[in-house]
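To be precise, the following lines are input-v1.pdb, and they hold PDB, C-alpha atoms and all ligand atoms.
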ATOM      1  CA  MET A   1      10.250 -17.358   3.826
ATOM      2  CA  ASP A   2       8.963 -20.916   3.443
ATOM      3  CA  LYS A   3       6.684 -20.333   6.436
ATOM      4  CA  ILE A   4       4.579 -17.794   4.519
ATOM      5  CA  LEU A   5       4.869 -19.295   1.039
ATOM      6  CA  GLY A   6       1.823 -21.567   1.486
ATOM      7  CA  LYS A   7      -0.626 -18.710   2.065
ATOM      8  CA  PHE A   8       1.211 -16.543  -0.459
ATOM      9  CA  ARG A   9       0.769 -19.152  -3.160
ATOM     10  CA  ALA A  10      -2.827 -19.901  -2.125
ATOM     11  CA  CYS A  11      -3.740 -16.261  -2.785
ATOM     12  CA  ILE A  12      -1.951 -16.249  -6.161
ATOM     13  CA  ASP A  13      -3.668 -19.469  -7.236
ATOM     14  CA  LYS A  14      -7.115 -18.472  -5.971
ATOM     15  CA  TYR A  15      -7.130 -15.186  -7.891
ATOM     16  CA  ASN A  16      -5.150 -16.479 -10.924
ATOM     17  CA  MET A  17      -2.560 -13.786 -10.410
ATOM     18  CA  ILE A  18       0.235 -15.358 -12.458
ATOM     19  CA  GLU A  19       0.167 -16.588 -16.061
ATOM     20  CA  GLU A  20       2.907 -18.264 -18.092
ATOM     21  CA  ASN A  21       5.609 -15.772 -19.248
ATOM     22  CA  ASP A  22       4.410 -12.896 -17.066
ATOM     23  CA  CYS A  23       6.963 -10.214 -16.340
ATOM     24  CA  ILE A  24       6.101  -8.882 -12.890
ATOM     25  CA  ALA A  25       7.419  -5.604 -11.481
ATOM     26  CA  VAL A  26       7.418  -5.524  -7.692
ATOM     27  CA  GLY A  27       6.888  -2.019  -6.316
ATOM     28  CA  VAL A  28       9.565  -1.778  -3.616
ATOM     29  CA  SER A  29       9.270   1.153  -1.218
ATOM     30  CA  GLY A  30      11.948  -0.120   1.144
ATOM     31  CA  GLY A  31       9.354  -0.977   3.800
ATOM     32  CA  LYS A  32       8.877  -4.459   5.263
ATOM     33  CA  ASP A  33       5.799  -5.350   3.187
ATOM     34  CA  SER A  34       7.270  -4.820  -0.249
ATOM     35  CA  LEU A  35      10.614  -6.384   0.733
ATOM     36  CA  VAL A  36       8.863  -9.565   1.872
ATOM     37  CA  LEU A  37       6.752  -9.516  -1.305
ATOM     38  CA  LEU A  38       9.894  -9.212  -3.436
ATOM     39  CA  CYS A  39      11.631 -12.148  -1.735
ATOM     40  CA  ALA A  40       8.523 -14.356  -1.689
ATOM     41  CA  LEU A  41       7.873 -13.777  -5.387
ATOM     42  CA  ALA A  42      11.521 -14.407  -6.286
ATOM     43  CA  ARG A  43      11.412 -17.637  -4.246
ATOM     44  CA  LEU A  44       8.157 -18.791  -5.886
ATOM     45  CA  ARG A  45       9.644 -18.063  -9.336
ATOM     46  CA  ASP A  46      12.145 -20.864  -8.745
ATOM     47  CA  PHE A  47       9.548 -23.666  -8.534
ATOM     48  CA  TYR A  48       6.143 -22.368  -9.688
ATOM     49  CA  PRO A  49       4.710 -24.440 -12.566
ATOM     50  CA  LYS A  50       4.190 -21.301 -14.700
ATOM     51  CA  LYS A  51       7.420 -19.544 -15.739
ATOM     52  CA  PHE A  52       7.581 -15.850 -14.901
ATOM     53  CA  THR A  53      10.139 -13.055 -14.477
ATOM     54  CA  VAL A  54      10.464 -10.736 -11.469
ATOM     55  CA  LYS A  55      11.841  -7.174 -11.567
ATOM     56  CA  ALA A  56      11.958  -4.637  -8.733
ATOM     57  CA  ILE A  57      11.084  -0.948  -9.090
ATOM     58  CA  THR A  58      11.652   1.769  -6.492
ATOM     59  CA  VAL A  59      10.186   5.216  -7.067
ATOM     60  CA  ASP A  60      12.579   7.524  -5.220
ATOM     61  CA  PRO A  61      10.597  10.538  -3.897
ATOM     62  CA  TYR A  62      13.868  12.454  -3.392
ATOM     63  CA  PHE A  63      13.050  13.405   0.197
ATOM     64  CA  GLU A  64      14.758  16.669   1.196
ATOM     65  CA  ASN A  65      15.718  16.878  -2.504
ATOM     66  CA  LYS A  66      18.353  14.181  -2.042
ATOM     67  CA  PRO A  67      18.556  10.690  -3.553
ATOM     68  CA  GLY A  68      17.525   7.848  -1.242
ATOM     69  CA  ASN A  69      20.106   5.277  -0.244
ATOM     70  CA  TYR A  70      18.865   1.993  -1.685
ATOM     71  CA  GLN A  71      22.268   0.242  -1.769
ATOM     72  CA  SER A  72      21.109  -2.550   0.572
ATOM     73  CA  ILE A  73      18.099  -3.300  -1.666
ATOM     74  CA  LYS A  74      20.403  -3.317  -4.694
ATOM     75  CA  GLU A  75      22.549  -5.946  -2.957
ATOM     76  CA  LEU A  76      19.476  -7.988  -2.015
ATOM     77  CA  CYS A  77      18.304  -7.949  -5.646
ATOM     78  CA  GLU A  78      21.702  -9.151  -6.839
ATOM     79  CA  LYS A  79      21.548 -11.995  -4.309
ATOM     80  CA  ILE A  80      18.075 -13.150  -5.387
ATOM     81  CA  ASN A  81      18.772 -12.559  -9.065
ATOM     82  CA  VAL A  82      16.261  -9.796  -9.718
ATOM     83  CA  GLU A  83      16.835  -6.748 -11.932
ATOM     84  CA  TYR A  84      16.505  -3.541  -9.869
ATOM     85  CA  ILE A  85      15.310  -0.229 -11.302
ATOM     86  CA  ILE A  86      15.346   3.016  -9.287
ATOM     87  CA  ARG A  87      13.219   5.820 -10.744
ATOM     88  CA  LYS A  88      14.231   9.310  -9.709
ATOM     89  CA  THR A  89      11.276  11.699  -9.180
ATOM     90  CA  SER A  90      10.442  15.199  -7.905
ATOM     91  CA  LEU A  91       7.593  13.958  -5.685
ATOM     92  CA  TYR A  92       8.925  15.519  -2.490
ATOM     93  CA  ASN A  93       9.630  18.830  -4.174
ATOM     94  CA  ILE A  94       6.211  19.057  -5.853
ATOM     95  CA  ILE A  95       4.157  17.959  -2.845
ATOM     96  CA  PHE A  96       5.946  19.471   0.133
ATOM     97  CA  GLU A  97       7.753  22.514  -1.308
ATOM     98  CA  ASP A  98       5.842  23.710  -4.403
ATOM     99  CA  ARG A  99       2.281  22.899  -3.377
ATOM    100  CA  LYS A 100       2.732  22.647   0.410
ATOM    101  CA  GLU A 101      -0.107  20.119   0.392
ATOM    102  CA  PRO A 102      -2.035  19.997   3.697
ATOM    103  CA  ASN A 103      -3.109  16.388   2.916
ATOM    104  CA  PRO A 104      -0.105  15.086   1.018
ATOM    105  CA  CYS A 105      -0.764  11.319   1.163
ATOM    106  CA  SER A 106      -3.482  10.909  -1.446
ATOM    107  CA  LEU A 107      -1.812  13.147  -4.058
ATOM    108  CA  CYS A 108       1.535  11.451  -3.437
ATOM    109  CA  ALA A 109      -0.002   7.969  -3.767
ATOM    110  CA  ARG A 110      -1.757   8.968  -7.007
ATOM    111  CA  MET A 111       1.362  10.455  -8.581
ATOM    112  CA  ARG A 112       3.520   7.554  -7.390
ATOM    113  CA  ARG A 113       1.108   5.038  -8.899
ATOM    114  CA  GLY A 114       1.297   6.729 -12.330
ATOM    115  CA  ILE A 115       5.095   6.703 -12.174
ATOM    116  CA  ILE A 116       5.247   2.998 -11.185
ATOM    117  CA  HIS A 117       2.838   2.056 -14.000
ATOM    118  CA  ASN A 118       4.887   3.920 -16.640
ATOM    119  CA  CYS A 119       8.187   2.611 -15.332
ATOM    120  CA  ALA A 120       6.896  -0.993 -15.333
ATOM    121  CA  LYS A 121       5.673  -0.642 -18.929
ATOM    122  CA  GLU A 122       8.954   0.911 -20.065
ATOM    123  CA  ASN A 123      10.788  -2.049 -18.556
ATOM    124  CA  GLY A 124       8.686  -4.643 -20.390
ATOM    125  CA  CYS A 125       6.503  -5.711 -17.444
ATOM    126  CA  ASN A 126       2.849  -6.666 -17.921
ATOM    127  CA  LYS A 127       2.043  -6.889 -14.200
ATOM    128  CA  ILE A 128       2.819  -4.919 -11.047
ATOM    129  CA  ALA A 129       2.801  -6.605  -7.629
ATOM    130  CA  LEU A 130       1.981  -4.442  -4.619
ATOM    131  CA  GLY A 131       2.671  -5.252  -0.975
ATOM    132  CA  HIS A 132      -0.823  -4.912   0.475
ATOM    133  CA  HIS A 133      -1.647  -7.567   3.085
ATOM    134  CA  GLY A 134      -4.858  -8.650   4.813
ATOM    135  CA  ASP A 135      -4.713  -5.877   7.441
ATOM    136  CA  ASP A 136      -4.420  -3.264   4.668
ATOM    137  CA  ALA A 137      -7.528  -4.747   3.026
ATOM    138  CA  ILE A 138      -9.773  -4.680   6.086
ATOM    139  CA  GLU A 139      -8.501  -1.225   7.103
ATOM    140  CA  THR A 140      -9.314   0.126   3.628
ATOM    141  CA  PHE A 141     -12.723  -1.540   3.773
ATOM    142  CA  LEU A 142     -13.506   0.143   7.118
ATOM    143  CA  ILE A 143     -12.112   3.538   6.042
ATOM    144  CA  ASN A 144     -14.373   3.459   2.962
ATOM    145  CA  LEU A 145     -17.341   2.430   5.071
ATOM    146  CA  PHE A 146     -16.903   4.900   7.930
ATOM    147  CA  ASN A 147     -15.725   7.909   5.913
ATOM    148  CA  GLY A 148     -17.492   7.474   2.600
ATOM    149  CA  GLY A 149     -20.476   5.272   3.502
ATOM    150  CA  LYS A 150     -19.286   2.923   0.735
ATOM    151  CA  ILE A 151     -18.755  -0.839   0.564
ATOM    152  CA  GLY A 152     -15.450  -1.192  -1.238
ATOM    153  CA  CYS A 153     -11.730  -1.873  -1.187
ATOM    154  CA  PHE A 154      -8.854  -2.175  -3.644
ATOM    155  CA  SER A 155      -9.123  -5.416  -5.666
ATOM    156  CA  PRO A 156      -6.881  -8.479  -5.495
ATOM    157  CA  VAL A 157      -6.413  -8.129  -9.282
ATOM    158  CA  THR A 158      -7.050  -4.967 -11.317
ATOM    159  CA  TYR A 159      -6.597  -4.664 -15.068
ATOM    160  CA  LEU A 160      -5.841  -1.070 -16.084
ATOM    161  CA  SER A 161      -7.044  -0.928 -19.685
ATOM    162  CA  ARG A 162      -5.649   2.541 -20.415
ATOM    163  CA  LYS A 163      -2.159   1.396 -19.509
ATOM    164  CA  ASP A 164      -2.681  -2.261 -20.466
ATOM    165  CA  ILE A 165      -1.137  -3.410 -17.218
ATOM    166  CA  THR A 166      -2.469  -5.580 -14.377
ATOM    167  CA  LEU A 167      -2.019  -4.903 -10.667
ATOM    168  CA  ILE A 168      -1.803  -7.917  -8.364
ATOM    169  CA  ARG A 169      -1.730  -8.070  -4.567
ATOM    170  CA  PRO A 170      -0.369 -11.526  -3.688
ATOM    171  CA  MET A 171      -0.032 -10.930   0.081
ATOM    172  CA  LEU A 172      -3.723 -10.530   0.879
ATOM    173  CA  TYR A 173      -3.876 -13.886   2.702
ATOM    174  CA  LEU A 174      -1.114 -12.808   5.091
ATOM    175  CA  TRP A 175      -1.613 -10.672   8.164
ATOM    176  CA  GLU A 176       0.738  -7.816   8.888
ATOM    177  CA  ASN A 177       2.356  -9.596  11.855
ATOM    178  CA  GLU A 178       3.166 -12.622   9.648
ATOM    179  CA  VAL A 179       4.810 -10.317   7.115
ATOM    180  CA  ALA A 180       6.723  -8.469   9.852
ATOM    181  CA  ASN A 181       7.954 -11.773  11.327
ATOM    182  CA  ALA A 182       9.102 -12.997   7.904
ATOM    183  CA  CYS A 183      10.970  -9.722   7.414
ATOM    184  CA  LYS A 184      12.759 -10.177  10.747
ATOM    185  CA  ARG A 185      13.546 -13.853  10.188
ATOM    186  CA  GLU A 186      15.072 -13.125   6.776
ATOM    187  CA  ASN A 187      16.840 -10.040   8.121
ATOM    188  CA  LEU A 188      15.657  -7.968   5.153
ATOM    189  CA  PRO A 189      17.233  -4.520   4.741
ATOM    190  CA  ILE A 190      14.435  -2.056   5.578
ATOM    191  CA  VAL A 191      15.130   1.449   4.270
ATOM    192  CA  LYS A 192      13.457   3.799   6.704
ATOM    193  CA  SER A 193      11.145   6.304   5.056
ATOM    194  CA  LYS A 194      12.099   9.969   5.369
ATOM    195  CA  CYS A 195       8.560  11.053   4.525
ATOM    196  CA  PRO A 196       7.480  13.990   6.732
ATOM    197  CA  ALA A 197       3.893  12.633   6.755
ATOM    198  CA  ASP A 198       4.883   9.087   7.770
ATOM    199  CA  GLY A 199       2.813   7.481  10.539
ATOM    200  CA  VAL A 200       0.286  10.292  11.032
ATOM    201  CA  THR A 201      -2.331   8.875   8.717
ATOM    202  CA  GLU A 202      -5.994   7.973   9.008
ATOM    203  CA  ARG A 203      -4.885   4.355   8.588
ATOM    204  CA  GLN A 204      -3.096   4.442  11.934
ATOM    205  CA  ASN A 205      -6.339   5.379  13.700
ATOM    206  CA  THR A 206      -8.202   2.552  11.951
ATOM    207  CA  LYS A 207      -5.475   0.088  12.979
ATOM    208  CA  GLU A 208      -5.961   1.097  16.607
ATOM    209  CA  TYR A 209      -9.726   0.830  16.243
ATOM    210  CA  ILE A 210      -9.407  -2.754  14.952
ATOM    211  CA  THR A 211      -6.982  -3.662  17.772
ATOM    212  CA  ASN A 212      -9.581  -2.445  20.270
ATOM    213  CA  LEU A 213     -12.366  -4.376  18.534
ATOM    214  CA  GLU A 214     -10.267  -7.534  18.819
ATOM    215  CA  LYS A 215     -10.563  -7.348  22.607
ATOM    216  CA  THR A 216     -14.299  -8.009  22.306
ATOM    217  CA  TYR A 217     -14.275 -10.010  19.040
ATOM    218  CA  PRO A 218     -10.969 -11.934  18.919
ATOM    219  CA  ASP A 219     -11.403 -13.120  15.324
ATOM    220  CA  ILE A 220     -12.882  -9.901  13.923
ATOM    221  CA  LYS A 221     -10.088  -9.555  11.351
ATOM    222  CA  ALA A 222     -10.750 -12.978   9.809
ATOM    223  CA  LYS A 223     -14.487 -12.280   9.914
ATOM    224  CA  LEU A 224     -14.110  -8.942   8.113
ATOM    225  CA  PHE A 225     -11.856 -10.465   5.471
ATOM    226  CA  GLY A 226     -14.210 -13.434   5.068
ATOM    227  CA  ALA A 227     -17.173 -11.066   4.704
ATOM    228  CA  MET A 228     -15.369  -9.275   1.871
ATOM    229  CA  GLU A 229     -14.856 -12.580   0.049
ATOM    230  CA  ARG A 230     -18.347 -13.925   0.730
ATOM    231  CA  GLY A 231     -19.891 -10.579  -0.250
ATOM    232  CA  ASN A 232     -17.851 -10.367  -3.490
ATOM    233  CA  VAL A 233     -16.582  -6.908  -2.519
ATOM    234  CA  SER A 234     -14.422  -5.268  -5.233
ATOM    235  CA  GLY A 235     -13.292  -8.451  -6.987
ATOM    236  CA  PHE A 236     -12.828 -10.522  -3.824
ATOM    237  CA  HIS A 237     -14.647 -13.848  -4.035
ATOM    238  CA  GLN A 238     -15.030 -17.169  -2.254
TER     239      GLN A 238
HETATM  240  N1  LIG B 301       8.267   4.487  -3.481
HETATM  241  C1  LIG B 301       7.743   3.351  -3.925
HETATM  242  N2  LIG B 301       8.304   2.725  -4.976
HETATM  243  C2  LIG B 301       7.785   1.575  -5.459
HETATM  244  N3  LIG B 301       6.696   0.983  -4.949
HETATM  245  C3  LIG B 301       6.092   1.559  -3.904
HETATM  246  C4  LIG B 301       6.582   2.770  -3.336
HETATM  247  N4  LIG B 301       5.774   3.105  -2.289
HETATM  248  C5  LIG B 301       4.833   2.157  -2.225
HETATM  249  N5  LIG B 301       5.008   1.215  -3.185
HETATM  250  C6  LIG B 301       4.195   0.008  -3.422
HETATM  251  O1  LIG B 301       2.847   0.273  -3.054
HETATM  252  C7  LIG B 301       2.456  -0.596  -1.977
HETATM  253  C8  LIG B 301       1.514   0.123  -1.057
HETATM  254  O2  LIG B 301       2.082   1.330  -0.630
HETATM  255  P1  LIG B 301       1.994   1.797   0.892
HETATM  256  O3  LIG B 301       2.571   3.158   0.978
HETATM  257  O4  LIG B 301       0.614   1.540   1.376
HETATM  258  O5  LIG B 301       3.041   0.799   1.515
HETATM  259  P2  LIG B 301       3.138   0.094   2.933
HETATM  260  O6  LIG B 301       1.858  -0.587   3.302
HETATM  261  O7  LIG B 301       3.757   1.036   3.902
HETATM  262  O8  LIG B 301       4.159  -1.063   2.492
HETATM  263  P3  LIG B 301       5.733  -1.128   2.620
HETATM  264  O9  LIG B 301       5.972  -1.759   3.960
HETATM  265  O10 LIG B 301       6.183  -1.968   1.484
HETATM  266  O11 LIG B 301       6.223   0.314   2.517
HETATM  267  C9  LIG B 301       3.780  -1.006  -1.332
HETATM  268  O12 LIG B 301       3.657  -2.218  -0.605
HETATM  269  C10 LIG B 301       4.675  -1.143  -2.533
HETATM  270  O13 LIG B 301       4.447  -2.368  -3.218
END
Output the file's structure in the form of structure tokens.
Ligand SMILES: Nc1ncnc2c1ncn2[C@@H]1O[C@H](COP(=O)(O)OP(=O)(O)OP(=O)(O)O)[C@@H](O)[C@H]1O
Amino acid sequence: MDKILGKFRACIDKYNMIEENDCIAVGVSGGKDSLVLLCALARLRDFYPKKFTVKAITVDPYFENKPGNYQSIKELCEKINVEYIIRKTSLYNIIFEDRKEPNPCSLCARMRRGIIHNCAKENGCNKIALGHHGDDAIETFLINLFNGGKIGCFSPVTYLSRKDITLIRPMLYLWENEVANACKRENLPIVKSKCPADGVTERQNTKEYITNLEKTYPDIKAKLFGAMERGNVSGFHQ
């Protein structure tokens, strides 16, 4: 974990993501990104100059109308001294059985976000940390550009005034392969998603597009990310 903590902290400091006495809910899906985020934040909590609390929240979509098995995450949370909250939902039932959504991902993400925000508030948190990394940022930037003709991305920090809660994305200075390596090194307990739509997303195509671009422009990822900061895109800045 120490190997990634430098960049992790640099991102937090640059975008002032943590204030004294923050209570931060980490959205934990069970995937590698949010597990690494959870452990990195819990580790930082132990020596960061500003005191803050970390909690973990999993929104259980109830795939196939059955509860997910998050026992290994529960054990991890006990080990790193983090309170763990699992929120039962009917996401799977609503999206795949009731509505039989042809494009389930965006509705699911929207509903899931609302549930995480409410759950964080109910548990006394003023911030929510999400596991987006640098690859997610440049992929989102390109998807918005190519599909919508728009310059934009999610922001490193977003204050949601209606809910009075702030979203932070502390892993933006890490690339996906750095996060994946940290996950392996720490032997974190990935809970494999049972989502029927997993892996067949637009994002996968964009990932492959960027991998191909890298053959001609080896540092295209850093250039794209740098352009977002230099161009002050969506709250990114230099
Ligand atoms: N079911 C969930 N419960 C709680 N938080 C979630 C859940 N699903 C996603 N999140 C949060 O939203 C972030 C972005 O969601 P997304 O589906 O893009 O995840 P991802 O990039 O596949 O990351 P991960 O490897 O953590 O699953 C996650 O990193 C996590 O912080």
For the point (-17.0, -3.5, 3.1) in the file's frame, write as a VMD selection string all residues with an atom no more than 10 Å away, counting only C-alpha atoms.
chain A and resid 137 to 146 149 to 153 224 to 225 227 to 229 231 to 234
Writing out the chosen residues with C-alpha atoms as a PDB file, in the frame of the given file:
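Once written, out.pdb looks like this:
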ATOM      1  CA  ALA A 137      -7.528  -4.747   3.026  1.00  0.00           C
ATOM      2  CA  ILE A 138      -9.773  -4.680   6.086  1.00  0.00           C
ATOM      3  CA  GLU A 139      -8.501  -1.225   7.103  1.00  0.00           C
ATOM      4  CA  THR A 140      -9.314   0.126   3.628  1.00  0.00           C
ATOM      5  CA  PHE A 141     -12.723  -1.540   3.773  1.00  0.00           C
ATOM      6  CA  LEU A 142     -13.506   0.143   7.118  1.00  0.00           C
ATOM      7  CA  ILE A 143     -12.112   3.538   6.042  1.00  0.00           C
ATOM      8  CA  ASN A 144     -14.373   3.459   2.962  1.00  0.00           C
ATOM      9  CA  LEU A 145     -17.341   2.430   5.071  1.00  0.00           C
ATOM     10  CA  PHE A 146     -16.903   4.900   7.930  1.00  0.00           C
ATOM     11  CA  GLY A 149     -20.476   5.272   3.502  1.00  0.00           C
ATOM     12  CA  LYS A 150     -19.286   2.923   0.735  1.00  0.00           C
ATOM     13  CA  ILE A 151     -18.755  -0.839   0.564  1.00  0.00           C
ATOM     14  CA  GLY A 152     -15.450  -1.192  -1.238  1.00  0.00           C
ATOM     15  CA  CYS A 153     -11.730  -1.873  -1.187  1.00  0.00           C
ATOM     16  CA  LEU A 224     -14.110  -8.942   8.113  1.00  0.00           C
ATOM     17  CA  PHE A 225     -11.856 -10.465   5.471  1.00  0.00           C
ATOM     18  CA  ALA A 227     -17.173 -11.066   4.704  1.00  0.00           C
ATOM     19  CA  MET A 228     -15.369  -9.275   1.871  1.00  0.00           C
ATOM     20  CA  GLU A 229     -14.856 -12.580   0.049  1.00  0.00           C
ATOM     21  CA  GLY A 231     -19.891 -10.579  -0.250  1.00  0.00           C
ATOM     22  CA  ASN A 232     -17.851 -10.367  -3.490  1.00  0.00           C
ATOM     23  CA  VAL A 233     -16.582  -6.908  -2.519  1.00  0.00           C
ATOM     24  CA  SER A 234     -14.422  -5.268  -5.233  1.00  0.00           C
TER      25      SER A 234
END
Could you write out as a PDB file with C-alpha atoms, keeping the file's coordinate frame the residues that the PyMOL selection byres (((not hetatm)) within 7 of (chain B and resi 301)) matches in the shown file?
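Final output, saved to expr_2.pdb:
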ATOM      1  CA  VAL A  26       7.418  -5.524  -7.692  1.00  0.00           C
ATOM      2  CA  GLY A  27       6.888  -2.019  -6.316  1.00  0.00           C
ATOM      3  CA  VAL A  28       9.565  -1.778  -3.616  1.00  0.00           C
ATOM      4  CA  SER A  29       9.270   1.153  -1.218  1.00  0.00           C
ATOM      5  CA  GLY A  30      11.948  -0.120   1.144  1.00  0.00           C
ATOM      6  CA  GLY A  31       9.354  -0.977   3.800  1.00  0.00           C
ATOM      7  CA  LYS A  32       8.877  -4.459   5.263  1.00  0.00           C
ATOM      8  CA  ASP A  33       5.799  -5.350   3.187  1.00  0.00           C
ATOM      9  CA  SER A  34       7.270  -4.820  -0.249  1.00  0.00           C
ATOM     10  CA  LEU A  35      10.614  -6.384   0.733  1.00  0.00           C
ATOM     11  CA  ILE A  57      11.084  -0.948  -9.090  1.00  0.00           C
ATOM     12  CA  THR A  58      11.652   1.769  -6.492  1.00  0.00           C
ATOM     13  CA  VAL A  59      10.186   5.216  -7.067  1.00  0.00           C
ATOM     14  CA  ASP A  60      12.579   7.524  -5.220  1.00  0.00           C
ATOM     15  CA  PRO A  61      10.597  10.538  -3.897  1.00  0.00           C
ATOM     16  CA  ARG A 112       3.520   7.554  -7.390  1.00  0.00           C
ATOM     17  CA  ILE A 116       5.247   2.998 -11.185  1.00  0.00           C
ATOM     18  CA  ALA A 129       2.801  -6.605  -7.629  1.00  0.00           C
ATOM     19  CA  LEU A 130       1.981  -4.442  -4.619  1.00  0.00           C
ATOM     20  CA  GLY A 131       2.671  -5.252  -0.975  1.00  0.00           C
ATOM     21  CA  HIS A 132      -0.823  -4.912   0.475  1.00  0.00           C
ATOM     22  CA  ASP A 136      -4.420  -3.264   4.668  1.00  0.00           C
TER      23      ASP A 136
END
Name all residues at most 12 Å from Asp198 in chain A (count all atoms listed in the file; drop same-chain ones fewer than 2 positions away) and give them as a PyMOL selection string.
chain A and resi 31+63+103-105+108+192-196+200-204
Taking the file as shown, find all residues satisfying the PyMOL selection byres (((chain A and resi 95) around 12) and not hetatm) and write them as a PyMOL selection string.
chain A and resi 61-65+89-94+96-112+195-197
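Relative to CA of Arg169 in chain A, CA of Pro218 in chain A is found at 25.5 Å.
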Show me a table, sorted first by chain and then by increasing residue number, of the residues of range 48-119 of chain A having an atom at most 10 Å from range 17-25 of chain A, each with its shortest atom pair and the distance in Å to one decimal, counting all atoms listed in the file and written as a Markdown table.
| residue | atom | partner | partner_atom | distance |
| --- | --- | --- | --- | --- |
| A:Tyr48 | CA | A:Ile18 | CA | 9.6 |
| A:Pro49 | CA | A:Glu20 | CA | 8.5 |
| A:Lys50 | CA | A:Glu20 | CA | 4.7 |
| A:Lys51 | CA | A:Glu20 | CA | 5.2 |
| A:Phe52 | CA | A:Asn21 | CA | 4.8 |
| A:Thr53 | CA | A:Cys23 | CA | 4.7 |
| A:Val54 | CA | A:Ile24 | CA | 4.9 |
| A:Lys55 | CA | A:Ala25 | CA | 4.7 |
| A:Ala56 | CA | A:Ala25 | CA | 5.4 |
| A:Ile57 | CA | A:Ala25 | CA | 6.4 |
| A:Thr58 | CA | A:Ala25 | CA | 9.9 |
| A:Val82 | CA | A:Ala25 | CA | 9.9 |
| A:Glu83 | CA | A:Ala25 | CA | 9.5 |
| A:Tyr84 | CA | A:Ala25 | CA | 9.5 |
| A:Ile85 | CA | A:Ala25 | CA | 9.5 |
| A:Ile116 | CA | A:Ala25 | CA | 8.9 |
| A:His117 | CA | A:Ala25 | CA | 9.3 |
| A:Cys119 | CA | A:Ala25 | CA | 9.1 |
Could you check the closest approach to Ala182 in chain A for each of A:Lys3, A:Lys221, A:His237, A:Arg43 and tell me which residue wins, using all atoms listed in the file?
A:Lys3
Selection: 7 Å around Leu172 in chain A, all atoms listed in the file, excl. self and same-chain fewer than 6 positions, as a PyMOL selection string
chain A and resi 11+132-134
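The two atoms in question, CA of Glu178 in chain A and CA of Arg230 in chain A, are spaced 23.3 Å apart.
What separates CA of Gly6 in chain A from CA of Ile73 in chain A is a distance of 24.7 Å.
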Give as an mmCIF file with C-alpha atoms, in the coordinates of the input the residues that the PyMOL selection byres (((chain A and resi 7) around 12) and not hetatm) matches when applied to the coordinates above.
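That gives us selection_36.cif:
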data_model
loop_
_atom_site.group_PDB
_atom_site.id
_atom_site.type_symbol
_atom_site.label_atom_id
_atom_site.label_comp_id
_atom_site.auth_asym_id
_atom_site.auth_seq_id
_atom_site.Cartn_x
_atom_site.Cartn_y
_atom_site.Cartn_z
ATOM 1 C CA MET A 1 10.250 -17.358 3.826
ATOM 2 C CA ASP A 2 8.963 -20.916 3.443
ATOM 3 C CA LYS A 3 6.684 -20.333 6.436
ATOM 4 C CA ILE A 4 4.579 -17.794 4.519
ATOM 5 C CA LEU A 5 4.869 -19.295 1.039
ATOM 6 C CA GLY A 6 1.823 -21.567 1.486
ATOM 7 C CA PHE A 8 1.211 -16.543 -0.459
ATOM 8 C CA ARG A 9 0.769 -19.152 -3.160
ATOM 9 C CA ALA A 10 -2.827 -19.901 -2.125
ATOM 10 C CA CYS A 11 -3.740 -16.261 -2.785
ATOM 11 C CA ILE A 12 -1.951 -16.249 -6.161
ATOM 12 C CA ASP A 13 -3.668 -19.469 -7.236
ATOM 13 C CA LYS A 14 -7.115 -18.472 -5.971
ATOM 14 C CA ALA A 40 8.523 -14.356 -1.689
ATOM 15 C CA LEU A 44 8.157 -18.791 -5.886
ATOM 16 C CA HIS A 133 -1.647 -7.567 3.085
ATOM 17 C CA GLY A 134 -4.858 -8.650 4.813
ATOM 18 C CA PRO A 170 -0.369 -11.526 -3.688
ATOM 19 C CA MET A 171 -0.032 -10.930 0.081
ATOM 20 C CA LEU A 172 -3.723 -10.530 0.879
ATOM 21 C CA TYR A 173 -3.876 -13.886 2.702
ATOM 22 C CA LEU A 174 -1.114 -12.808 5.091
ATOM 23 C CA TRP A 175 -1.613 -10.672 8.164
ATOM 24 C CA GLU A 178 3.166 -12.622 9.648
ATOM 25 C CA VAL A 179 4.810 -10.317 7.115
#
Give, as JSON, the centre coordinates and the x, y and z edge lengths in Å to one decimal for an axis-aligned box around all listed atoms of range 183-198 of chain A, padded by 4 Å on each side.
{"center_x": 10.6, "center_y": 0.1, "center_z": 7.5, "size_x": 21.3, "size_y": 35.8, "size_z": 14.5}
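Take the candidates A:Asn16, A:Asn212, A:Ser155, A:Ser72 and check each one against Asn187 in chain A using all atoms listed in the file; the shortest distance goes to A:Ser72.
Distance check against Pro156 in chain A using all atoms listed in the file: of A:Leu213, A:Ile168, A:Ile190, A:Cys39, the minimum falls on A:Ile168.
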Using all atoms listed in the file, the best pick from A:Thr166, A:Glu176, A:Phe154, A:Asn81 as closest to Lys127 in chain A would be A:Thr166
